[in-house]
Structures are given as structure tokens and as C-alpha cells.
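Next up, model_35.txt (compact mmCIF, C-alpha atoms and all ligand atoms):
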```
# COMPACT_ATOMS: atom_id res chain seq x y z
CA MET A 178 94.78 90.48 171.56
CA ASN A 179 91.89 92.45 170.17
CA GLU A 180 93.35 94.66 167.50
CA ILE A 181 93.81 92.71 164.30
CA LEU A 182 94.94 95.56 162.09
CA SER A 183 95.85 99.21 162.42
CA THR A 184 97.10 101.60 159.78
CA SER A 185 98.74 104.92 160.38
CA GLY A 186 99.07 107.65 157.75
CA LEU A 187 99.11 105.34 154.72
CA LYS A 188 99.74 107.24 151.49
CA LYS A 189 100.10 106.14 147.88
CA SER A 190 100.28 108.17 144.66
CA TYR A 191 100.50 107.10 141.04
CA LYS A 192 102.00 110.01 139.06
CA ASN A 193 99.36 112.73 139.55
CA THR A 194 96.75 110.54 141.22
CA HIS A 195 96.61 110.50 144.99
CA ALA A 196 95.15 107.01 145.34
CA LEU A 197 95.42 107.06 149.14
CA LYS A 198 95.87 110.10 151.38
CA ASP A 199 96.72 109.50 155.01
CA LEU A 200 94.61 106.45 155.82
CA ASN A 201 94.09 105.57 159.49
CA ILE A 202 91.83 102.65 160.29
CA SER A 203 91.63 100.04 163.02
CA VAL A 204 90.04 96.60 162.81
CA GLN A 205 89.20 94.60 165.92
CA LYS A 206 88.96 90.84 166.32
CA GLY A 207 85.66 89.35 165.14
CA GLN A 208 84.56 92.35 163.11
CA ILE A 209 83.30 92.12 159.56
CA TYR A 210 84.89 95.35 158.44
CA GLY A 211 83.66 96.83 155.17
CA ILE A 212 85.74 99.26 153.15
CA LEU A 213 83.14 101.03 151.07
CA GLY A 214 83.71 103.61 148.37
CA PRO A 215 82.90 104.48 144.78
CA ASN A 216 85.14 103.30 141.94
CA GLY A 217 88.61 104.76 142.21
CA SER A 218 88.32 105.70 145.89
CA GLY A 219 91.37 103.65 146.90
CA LYS A 220 89.94 100.36 148.17
CA THR A 221 92.10 98.03 146.06
CA THR A 222 95.17 100.15 146.73
CA THR A 223 94.49 99.83 150.48
CA LEU A 224 94.13 96.05 150.35
CA GLY A 225 97.18 95.76 148.07
CA ILE A 226 99.28 97.64 150.62
CA LEU A 227 97.95 95.58 153.53
CA LEU A 228 98.82 92.37 151.70
CA GLY A 229 102.29 93.52 150.71
CA VAL A 230 101.57 93.66 146.98
CA ILE A 231 101.79 97.47 146.78
CA LYS A 232 104.41 99.54 148.55
CA PRO A 233 103.05 102.65 150.29
CA ASP A 234 104.81 106.02 149.80
CA ALA A 235 104.40 106.79 153.50
CA GLY A 236 102.76 105.42 156.63
CA ASP A 237 102.66 102.15 158.46
CA PHE A 238 100.41 99.21 159.08
CA ASN A 239 100.45 96.65 161.82
CA TRP A 240 98.85 93.18 161.74
CA PHE A 241 98.08 91.37 165.01
CA GLU A 242 99.87 94.08 166.98
CA ASN A 243 103.19 92.56 166.01
CA GLY A 244 104.28 94.37 162.94
CA SER A 245 105.36 93.42 159.48
CA LEU A 246 103.49 91.28 157.09
CA ASP A 247 105.85 88.36 156.41
CA GLU A 248 105.65 86.76 159.82
CA ASN A 249 101.87 87.04 159.72
CA ARG A 250 101.33 85.84 156.17
CA GLN A 251 99.98 82.39 157.08
CA ASN A 252 97.41 84.03 159.30
CA ILE A 253 95.87 86.16 156.54
CA GLY A 254 93.76 84.59 153.80
CA ALA A 255 93.21 86.82 150.78
CA LEU A 256 91.07 87.04 147.71
CA LEU A 257 92.18 90.03 145.67
CA GLU A 258 90.85 89.26 142.23
CA THR A 259 89.30 86.31 140.38
CA PRO A 260 91.96 83.73 141.01
CA ASN A 261 93.96 81.83 138.46
CA PHE A 262 93.48 78.17 139.11
CA TYR A 263 94.61 75.55 136.61
CA PRO A 264 91.64 75.07 134.24
CA TYR A 265 92.30 71.38 133.51
CA LEU A 266 92.81 70.36 137.12
CA ASN A 267 89.94 69.54 139.44
CA ALA A 268 89.15 71.36 142.70
CA VAL A 269 91.18 68.98 144.90
CA ASP A 270 94.27 69.06 142.69
CA ASN A 271 94.16 72.84 142.45
CA LEU A 272 94.01 73.11 146.24
CA LYS A 273 96.88 70.60 146.59
CA ILE A 274 99.07 73.01 144.64
CA VAL A 275 98.03 75.89 146.91
CA ALA A 276 98.75 73.73 149.99
CA GLU A 277 102.22 72.87 148.70
CA ILE A 278 103.03 76.51 147.94
CA LYS A 279 101.98 77.38 151.49
CA SER A 280 103.91 74.37 152.93
CA LEU A 281 100.82 73.14 154.77
CA LYS A 282 100.58 69.86 156.66
CA ASN A 283 97.60 67.43 156.76
CA ILE A 284 96.74 68.43 153.22
CA SER A 285 93.94 65.90 152.52
CA VAL A 286 92.08 66.68 155.74
CA ARG A 287 92.37 70.41 155.16
CA ILE A 288 91.17 70.17 151.58
CA GLN A 289 88.14 68.09 152.52
CA LYS A 290 87.28 70.50 155.33
CA VAL A 291 87.42 73.64 153.19
CA LEU A 292 85.64 72.09 150.22
CA GLU A 293 82.82 71.01 152.53
CA ARG A 294 82.85 74.50 154.01
CA VAL A 295 82.23 76.14 150.64
CA ASP A 296 79.82 73.42 149.53
CA LEU A 297 82.03 72.07 146.75
CA TRP A 298 82.92 68.66 148.18
CA GLU A 299 80.43 66.91 145.89
CA ARG A 300 82.09 68.65 142.94
CA ARG A 301 85.67 67.97 144.04
CA LYS A 302 86.49 65.94 140.91
CA THR A 303 85.12 68.56 138.51
CA LYS A 304 87.69 70.44 136.45
CA PHE A 305 88.01 74.12 137.29
CA LYS A 306 87.14 75.15 133.72
CA ALA A 307 83.70 73.56 134.11
CA PHE A 308 82.89 75.56 137.25
CA SER A 309 80.35 78.40 137.21
CA LEU A 310 81.60 81.84 138.24
CA GLY A 311 80.01 81.38 141.68
CA MET A 312 81.75 78.01 142.13
CA LYS A 313 85.07 79.54 141.05
CA GLN A 314 84.65 82.26 143.63
CA ARG A 315 83.78 79.68 146.31
CA LEU A 316 86.87 77.68 145.41
CA ALA A 317 88.89 80.89 145.76
CA ILE A 318 87.48 81.34 149.26
CA ALA A 319 88.31 77.70 150.01
CA SER A 320 91.86 78.43 148.92
CA ALA A 321 91.99 81.57 151.09
CA ILE A 322 90.90 79.64 154.21
CA LEU A 323 93.02 76.54 153.52
CA ALA A 324 95.66 77.55 156.05
CA ASP A 325 92.89 78.33 158.60
CA PRO A 326 93.88 82.00 158.85
CA GLU A 327 92.68 84.34 161.56
CA VAL A 328 91.72 87.01 159.01
CA LEU A 329 90.13 86.90 155.59
CA VAL A 330 90.68 89.85 153.20
CA LEU A 331 88.28 90.01 150.27
CA ASP A 332 88.18 92.50 147.39
CA GLU A 333 84.73 92.73 145.77
CA PRO A 334 83.99 89.03 146.41
CA THR A 335 80.60 89.03 144.67
CA ASN A 336 81.66 90.92 141.54
CA GLY A 337 79.91 89.56 138.47
CA LEU A 338 77.84 86.95 140.31
CA ASP A 339 74.11 86.40 139.81
CA PRO A 340 71.72 86.92 142.77
CA GLN A 341 71.98 83.29 143.86
CA GLY A 342 75.77 83.36 143.68
CA ILE A 343 75.79 86.59 145.69
CA ALA A 344 73.53 85.06 148.36
CA GLU A 345 75.78 81.96 148.59
CA ILE A 346 78.96 83.99 149.02
CA ARG A 347 77.26 86.24 151.57
CA SER A 348 76.06 83.35 153.71
CA LEU A 349 79.48 81.69 153.42
CA ILE A 350 81.22 84.85 154.64
CA LEU A 351 78.76 85.26 157.51
CA ASN A 352 79.32 81.63 158.53
CA ILE A 353 83.09 82.02 158.46
CA ALA A 354 82.72 85.13 160.64
CA LYS A 355 80.61 83.15 163.12
CA GLU A 356 83.63 80.90 163.72
CA GLY A 357 85.32 83.97 165.22
CA LYS A 358 87.34 84.95 162.16
CA THR A 359 87.85 88.60 161.30
CA ILE A 360 86.84 89.64 157.81
CA ILE A 361 87.92 92.72 155.86
CA ILE A 362 85.92 93.24 152.73
CA ALA A 363 86.13 95.98 150.08
CA SER A 364 83.08 96.71 148.00
CA HIS A 365 81.29 99.48 146.14
CA ILE A 366 77.98 97.64 146.60
CA LEU A 367 76.14 99.30 149.47
CA ASP A 368 73.58 96.58 149.89
CA GLU A 369 76.36 94.04 150.19
CA ILE A 370 78.13 95.91 152.96
CA GLU A 371 74.88 96.66 154.75
CA LYS A 372 73.86 93.00 154.81
CA MET A 373 77.22 91.63 155.91
CA CYS A 374 79.33 94.10 157.82
CA THR A 375 79.46 95.06 161.47
CA HIS A 376 81.75 98.04 160.81
CA VAL A 377 82.27 100.28 157.82
CA ALA A 378 84.91 102.71 156.62
CA ILE A 379 83.80 104.98 153.79
CA LEU A 380 86.51 106.14 151.38
CA LYS A 381 86.28 108.91 148.82
CA ASP A 382 89.15 110.09 146.59
CA GLY A 383 91.67 108.26 148.75
CA SER A 384 90.50 109.78 152.05
CA LEU A 385 88.63 108.20 154.92
CA ILE A 386 85.34 110.09 155.17
CA THR A 387 83.92 108.24 158.16
CA GLU A 388 84.33 105.02 160.10
CA GLY A 389 82.04 103.30 162.61
CA THR A 390 79.47 100.61 163.26
CA LEU A 391 76.59 100.36 160.81
CA ASP A 392 74.27 101.70 163.52
CA GLU A 393 76.50 104.67 164.23
CA LEU A 394 76.63 105.56 160.56
CA MET A 395 72.93 105.15 159.98
CA LEU A 396 71.38 106.54 163.13
CA GLN A 397 72.99 109.94 163.33
CA GLU A 398 69.75 111.38 162.04
CA LYS A 399 66.23 110.27 161.42
CA ILE A 400 64.47 110.40 158.09
CA LEU A 401 60.72 111.10 157.98
CA LYS A 402 58.34 111.15 155.06
CA ILE A 403 55.74 113.91 155.32
CA ASN A 404 53.04 115.38 153.12
CA ALA A 405 50.40 118.09 153.11
CA ASP A 406 47.54 119.10 150.85
CA ASN A 407 49.80 121.74 149.29
CA PRO A 408 53.26 120.18 148.92
CA GLN A 409 54.82 123.40 147.58
CA LYS A 410 53.72 125.33 150.67
CA LEU A 411 55.12 122.52 152.80
CA LEU A 412 58.47 122.77 150.99
CA ASP A 413 58.56 126.55 151.57
CA CYS A 414 57.75 126.01 155.23
CA ILE A 415 60.51 123.40 155.69
CA ALA A 416 63.04 125.82 154.23
CA GLU A 417 62.24 128.21 157.11
CA ILE A 418 62.73 125.66 159.91
CA THR A 419 66.39 125.24 160.83
CA ASP A 420 65.88 121.93 162.68
CA ILE A 421 64.42 120.25 159.61
CA ASN A 422 66.46 119.50 156.50
CA LEU A 423 65.06 118.61 153.13
CA VAL A 424 66.40 115.31 151.75
CA ARG A 425 64.33 115.15 148.56
CA SER A 426 60.83 115.42 147.14
CA GLU A 427 59.19 112.22 146.02
CA ASP A 428 55.90 111.61 144.17
CA ASP A 429 54.06 110.63 147.34
CA GLY A 430 55.70 112.93 149.86
CA ILE A 431 58.74 114.82 151.04
CA LEU A 432 61.69 113.20 152.77
CA ILE A 433 63.15 115.26 155.59
CA SER A 434 65.92 114.58 158.07
CA VAL A 435 65.93 115.65 161.71
CA ASN A 436 68.18 115.01 164.67
CA GLU A 437 67.75 111.47 165.97
CA LYS A 438 66.30 112.75 169.25
CA THR A 439 63.54 114.80 167.60
CA SER A 440 60.19 113.00 167.85
CA ALA A 441 57.61 112.82 165.07
CA ALA A 442 55.22 114.82 167.30
CA GLN A 443 57.78 117.64 167.59
CA VAL A 444 58.15 117.71 163.80
CA ASN A 445 54.38 117.89 163.45
CA GLN A 446 54.24 120.75 165.92
CA MET A 447 57.07 122.75 164.29
CA ILE A 448 55.25 122.60 160.97
CA ALA A 449 51.80 123.30 162.46
CA GLU A 450 53.23 126.43 164.11
CA LYS A 451 53.90 127.69 160.58
CA GLY A 452 50.23 127.15 159.68
CA ILE A 453 50.64 123.95 157.66
CA TYR A 454 48.88 120.75 158.72
CA LEU A 455 50.41 117.46 157.69
CA ASN A 456 48.22 114.78 156.12
CA ALA A 457 50.98 112.15 156.32
CA LEU A 458 53.96 111.58 158.59
CA ALA A 459 55.92 108.35 158.76
CA VAL A 460 59.38 107.34 159.91
CA HIS A 461 61.36 106.33 156.87
CA ARG A 462 64.09 103.89 157.78
CA LYS A 463 67.45 105.23 156.82
CA ASN A 464 69.61 102.79 154.95
CA LEU A 465 73.30 102.84 154.24
CA GLU A 466 72.64 104.04 150.73
CA SER A 467 71.21 107.37 151.86
CA THR A 468 74.02 107.79 154.39
CA PHE A 469 76.60 106.91 151.76
CA LEU A 470 75.19 109.27 149.14
CA GLU A 471 74.96 112.12 151.64
CA ILE A 472 78.53 111.50 152.79
CA ILE A 473 80.15 111.26 149.38
CA ASN A 474 78.18 114.23 148.04
CA GLN A 475 79.42 116.50 150.84
N1 LIG B 501 98.78 101.05 138.83
C1 LIG B 501 98.17 102.24 138.77
N2 LIG B 501 98.63 103.23 137.99
C2 LIG B 501 98.01 104.45 137.96
N3 LIG B 501 96.91 104.78 138.66
C3 LIG B 501 96.39 103.82 139.45
C4 LIG B 501 96.98 102.51 139.55
N4 LIG B 501 96.24 101.77 140.44
C5 LIG B 501 95.24 102.59 140.86
N5 LIG B 501 95.33 103.81 140.28
C6 LIG B 501 94.44 104.96 140.52
O1 LIG B 501 94.35 105.16 141.93
C7 LIG B 501 93.02 105.49 142.31
C8 LIG B 501 92.51 104.47 143.33
O2 LIG B 501 92.38 103.22 142.67
P1 LIG B 501 91.86 101.88 143.41
O3 LIG B 501 91.90 100.79 142.39
O4 LIG B 501 92.60 101.71 144.66
O5 LIG B 501 90.37 102.28 143.74
P2 LIG B 501 89.13 101.33 144.06
O6 LIG B 501 88.36 102.05 145.11
O7 LIG B 501 89.59 99.95 144.36
O8 LIG B 501 88.32 101.36 142.71
P3 LIG B 501 87.53 100.16 141.98
O9 LIG B 501 86.29 99.94 142.78
O10 LIG B 501 87.27 100.77 140.63
O11 LIG B 501 88.46 98.99 141.93
C9 LIG B 501 92.20 105.52 141.04
O12 LIG B 501 92.13 106.86 140.60
C10 LIG B 501 93.02 104.68 140.08
O13 LIG B 501 92.80 105.09 138.75
```

Before anything else, please render the file you have as C-alpha cells.
Amino acid sequence: MNEILSTSGLKKSYKNTHALKDLNISVQKGQIYGILGPNGSGKTTTLGILLGVIKPDAGDFNWFENGSLDENRQNIGALLETPNFYPYLNAVDNLKIVAEIKSLKNISVRIQKVLERVDLWERRKTKFKAFSLGMKQRLAIASAILADPEVLVLDEPTNGLDPQGIAEIRSLILNIAKEGKTIIIASHILDEIEKMCTHVAILKDGSLITEGTLDELMLQEKILKINADNPQKLLDCIAEITDINLVRSEDDGILISVNEKTSAAQVNQMIAEKGIYLNALAVHRKNLESTFLEIINQ
């Protein structure tokens, strides 16, 4: 079994808002699948539907190639929002309640294992209310993996955390993925998705704009930074060359995009043929942010 999740034509509206319009995605085993989109693009609605909390108006979804959610529930760990643990209970006692709700066996062994996993075993006797936000989030992940699910679904897992907390959650997620688990993670933080995910779906206004591996999304074109003694003349010249697109002007040069197969030497030649000689030309690594901004501005 390789397909962990597929959706087909998922739709959801709230009065006049089309939160989700015809969503089709597919997640394979072992992927860290990022659902990326600006605020209001439909990420939480998508996860809510996949976890059975929100009912879609139309469409279907299929977990583990065997259908409806209920029979698969134990195999999906979820973190949808900052969880409500009991403030006056410690980490172990909070997880005992979760284990009982989920009718799990070998509770003590499981709890020790997950608390060690999220680096909270030393703090197991600390009351939840005394935890930092990062520790609370780690306890939530411990709770989500308590039943040892095949898939972990996370909605904005680093929201509100400081840089150290973000780094801890990121390395925890990457380590869980290394154990062969599949992770689906919604975020509006590009850097987050870029550092963690193997695959990305970009949503805008409830529609899937693009889906693919990080490399596929980032390497469709190459970004170069160029300059000349007269930047204005260079800008005019670029406007005349159809194979070169202007990305933006910066203080120290002009960012252009060209087809991935176009070499820097070819770019130099195209511009020289117009009588302009470059005094700088460097490949500017494209990151997900530039891809994302280009895609959502289309
Ligand atoms: N219960 C609701 N009632 C009315 N409108 C809603 C409701 N839930 C979501 N929406 C609207 O549906 C759209 C998609 O919302 P959703 O929360 O899924 O987006 P999101 O990408 O998760 O955004 P964010 O990053 O802000 O959480 C938004 O326009 C939102 O205002």
C-alpha cells in the first residue's frame, strides 16, 4: 500500500464563502506533505474534512485505500489546534486520559515512549499549566502519536512558538518522519514548509494552484541576478527579449527568470546582442517564497 490519502472533488461553502472548491490531492506513504496557502485559503477546512470534524458539501476522500474515516481513526494522529489538556494534571496523567479515551493497551509503556520521543520524560511530573508553549505543543504531539498511528496530521504546529520552539518541533517532526510515518502539515509559513516537506500543495481561495515535490515547484525556472553600468538601459533591453522575464529590480541588480535549461552564457549573449554588456551575472537560488508569491499573484 503506497497511497495514504486521496481526495476527489472536495467542496465546502459557508454561506457565500467557497472555502474549498474541488480539491484533488494524493499523499503517498512516507511523504511529508505540506499544504501551503495564505490565511483563508482553505487549509483548516481541508484538514477538518479529512479528520471528520467538518462535513464536505461534495466530494470524497479515502484513507489507506480503504475508505471511510472511522475504521482508520486509530491510524491517524492529529493536532488541529492548541490542545486542551487538564491544567492541574501532569504530563503523564493527561496522557493516561487520552489513552483511556482511545482504549489503548500497555498504557505506561506507551506513555514513557512518547514522552521520551518529544523530550518531556524528565518533565513528566510537571503540571500542564506550568509548561511553556513549546512544551505544550510537544505534549500535543506526544498525544497524537500515543496510538502509534501511521499518519500524523498537523495544523500550523509551530504557531506562536519562539525560534527555539520552532526548531524543536521541526526536528521532532523530521525524526518522526524518519521512522517511516507519513506527515500532512498545513502552514502559511513558507520557510517552515521548505525546511520540512518533501511535497507541497499550494492552495489559494479554496483551489489547488499546484502540487509537486519541492524540487519540481522550485526548479521550473532559474533566477539570475544581473547588472550593467546603466541599469535603466538594461531594464529596457530585458523588456525586448521574450526569453527573459523581469522578476524585480533590487538595489544591487536586477532579478530575471529564464527557462531552467537556459545557461548563464546564453543570457549574457542575448543581452550583448542588444548592445548591453553585463558587469554582474550570478545564479540566484530560487526559494519557495519566490515560487509561492509568483503562484498566488497569478
Ligand atoms: N465556520 C465558518 N463559518 C464561515 N466561514 C468560515 C468558517 N470556517 C472557515 N470559513 C471561511 O472559509 C475560508 C477558508 O477558511 P480556512 O480556515 O479553511 O482557511 P485557512 O487556510 O486554514 O486559513 P488560516 O491560515 O487563517 O487558518 C475563509 O474565507 C474563512 O473565513

(request) For Met373 in chain A, list every protein, DNA or RNA residue within 8 Å, evaluated using all atoms listed in the file, and leave out those in the same chain fewer than 5 positions away; present the list as a PyMOL selection string. (result) chain A and resi 209+347+350-351

What would the file look like if the residues just selected were written as a PDB file, in the frame of the given file with C-alpha atoms?
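Output (part-v8.pdb):
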```pdb
ATOM      1  CA  ILE A 209      83.300  92.120 159.560  1.00  0.00           C
ATOM      2  CA  ARG A 347      77.260  86.240 151.570  1.00  0.00           C
ATOM      3  CA  ILE A 350      81.220  84.850 154.640  1.00  0.00           C
ATOM      4  CA  LEU A 351      78.760  85.260 157.510  1.00  0.00           C
TER       5      LEU A 351
END
```

(message) For a quick check of understanding, using only C-alpha atoms and all ligand atoms, which of A:Val444, A:Cys414, A:Ile379, A:Val204 has the smallest distance to ligand LIG 501 (chain B)?
(response) A:Ile379

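The two atoms in question, CA of Lys198 in chain A and CA of Asn243 in chain A, are spaced 24.0 Å apart.
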
Using only C-alpha atoms and all ligand atoms, which residues of the polymer chains come no farther than 10 Å from ligand LIG 501 (chain B)? I'd like the answer as a PDB file with C-alpha atoms, in the coordinates of the input.
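Done, and the output landed in part17.pdb:
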```
ATOM      1  CA  LYS A 189     100.100 106.140 147.880  1.00  0.00           C
ATOM      2  CA  SER A 190     100.280 108.170 144.660  1.00  0.00           C
ATOM      3  CA  TYR A 191     100.500 107.100 141.040  1.00  0.00           C
ATOM      4  CA  LYS A 192     102.000 110.010 139.060  1.00  0.00           C
ATOM      5  CA  ASN A 193      99.360 112.730 139.550  1.00  0.00           C
ATOM      6  CA  THR A 194      96.750 110.540 141.220  1.00  0.00           C
ATOM      7  CA  HIS A 195      96.610 110.500 144.990  1.00  0.00           C
ATOM      8  CA  ALA A 196      95.150 107.010 145.340  1.00  0.00           C
ATOM      9  CA  LEU A 197      95.420 107.060 149.140  1.00  0.00           C
ATOM     10  CA  ILE A 212      85.740  99.260 153.150  1.00  0.00           C
ATOM     11  CA  LEU A 213      83.140 101.030 151.070  1.00  0.00           C
ATOM     12  CA  GLY A 214      83.710 103.610 148.370  1.00  0.00           C
ATOM     13  CA  PRO A 215      82.900 104.480 144.780  1.00  0.00           C
ATOM     14  CA  ASN A 216      85.140 103.300 141.940  1.00  0.00           C
ATOM     15  CA  GLY A 217      88.610 104.760 142.210  1.00  0.00           C
ATOM     16  CA  SER A 218      88.320 105.700 145.890  1.00  0.00           C
ATOM     17  CA  GLY A 219      91.370 103.650 146.900  1.00  0.00           C
ATOM     18  CA  LYS A 220      89.940 100.360 148.170  1.00  0.00           C
ATOM     19  CA  THR A 221      92.100  98.030 146.060  1.00  0.00           C
ATOM     20  CA  THR A 222      95.170 100.150 146.730  1.00  0.00           C
ATOM     21  CA  THR A 223      94.490  99.830 150.480  1.00  0.00           C
ATOM     22  CA  LEU A 224      94.130  96.050 150.350  1.00  0.00           C
ATOM     23  CA  GLY A 225      97.180  95.760 148.070  1.00  0.00           C
ATOM     24  CA  ILE A 226      99.280  97.640 150.620  1.00  0.00           C
ATOM     25  CA  ILE A 231     101.790  97.470 146.780  1.00  0.00           C
ATOM     26  CA  ASP A 332      88.180  92.500 147.390  1.00  0.00           C
ATOM     27  CA  GLU A 333      84.730  92.730 145.770  1.00  0.00           C
ATOM     28  CA  ALA A 363      86.130  95.980 150.080  1.00  0.00           C
ATOM     29  CA  SER A 364      83.080  96.710 148.000  1.00  0.00           C
ATOM     30  CA  HIS A 365      81.290  99.480 146.140  1.00  0.00           C
ATOM     31  CA  ILE A 366      77.980  97.640 146.600  1.00  0.00           C
ATOM     32  CA  LEU A 380      86.510 106.140 151.380  1.00  0.00           C
ATOM     33  CA  LYS A 381      86.280 108.910 148.820  1.00  0.00           C
ATOM     34  CA  ASP A 382      89.150 110.090 146.590  1.00  0.00           C
ATOM     35  CA  GLY A 383      91.670 108.260 148.750  1.00  0.00           C
TER      36      GLY A 383
END
```

(request) Please provide the set of residues having any atom within 12 Å of Glu417 in chain A, restricted to all atoms listed in the file, with same-chain residues fewer than 5 positions apart removed, written as a PyMOL selection string. (result) chain A and resi 410-412+422-423+447-448+450-451

(message) Need the shell around Ala344 in chain A: protein/DNA/RNA residues with any atom at most 12 Å away, counting only C-alpha atoms. Skip same-chain ones fewer than 3 positions apart. Format as a list in words?
(response) Gly311, Arg315, Pro334, Thr335, Leu338, Asp339, Pro340, Gln341, Arg347, Ser348, Leu349, Ile350, Leu351, Asp368, Glu369, Lys372 and Met373 of chain A

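Remark: for Ser185 in chain A, the closest of the candidate residues A:Leu385, A:Leu432, A:Ile353, A:Ile421 is A:Leu385 (distances computed over only C-alpha atoms).
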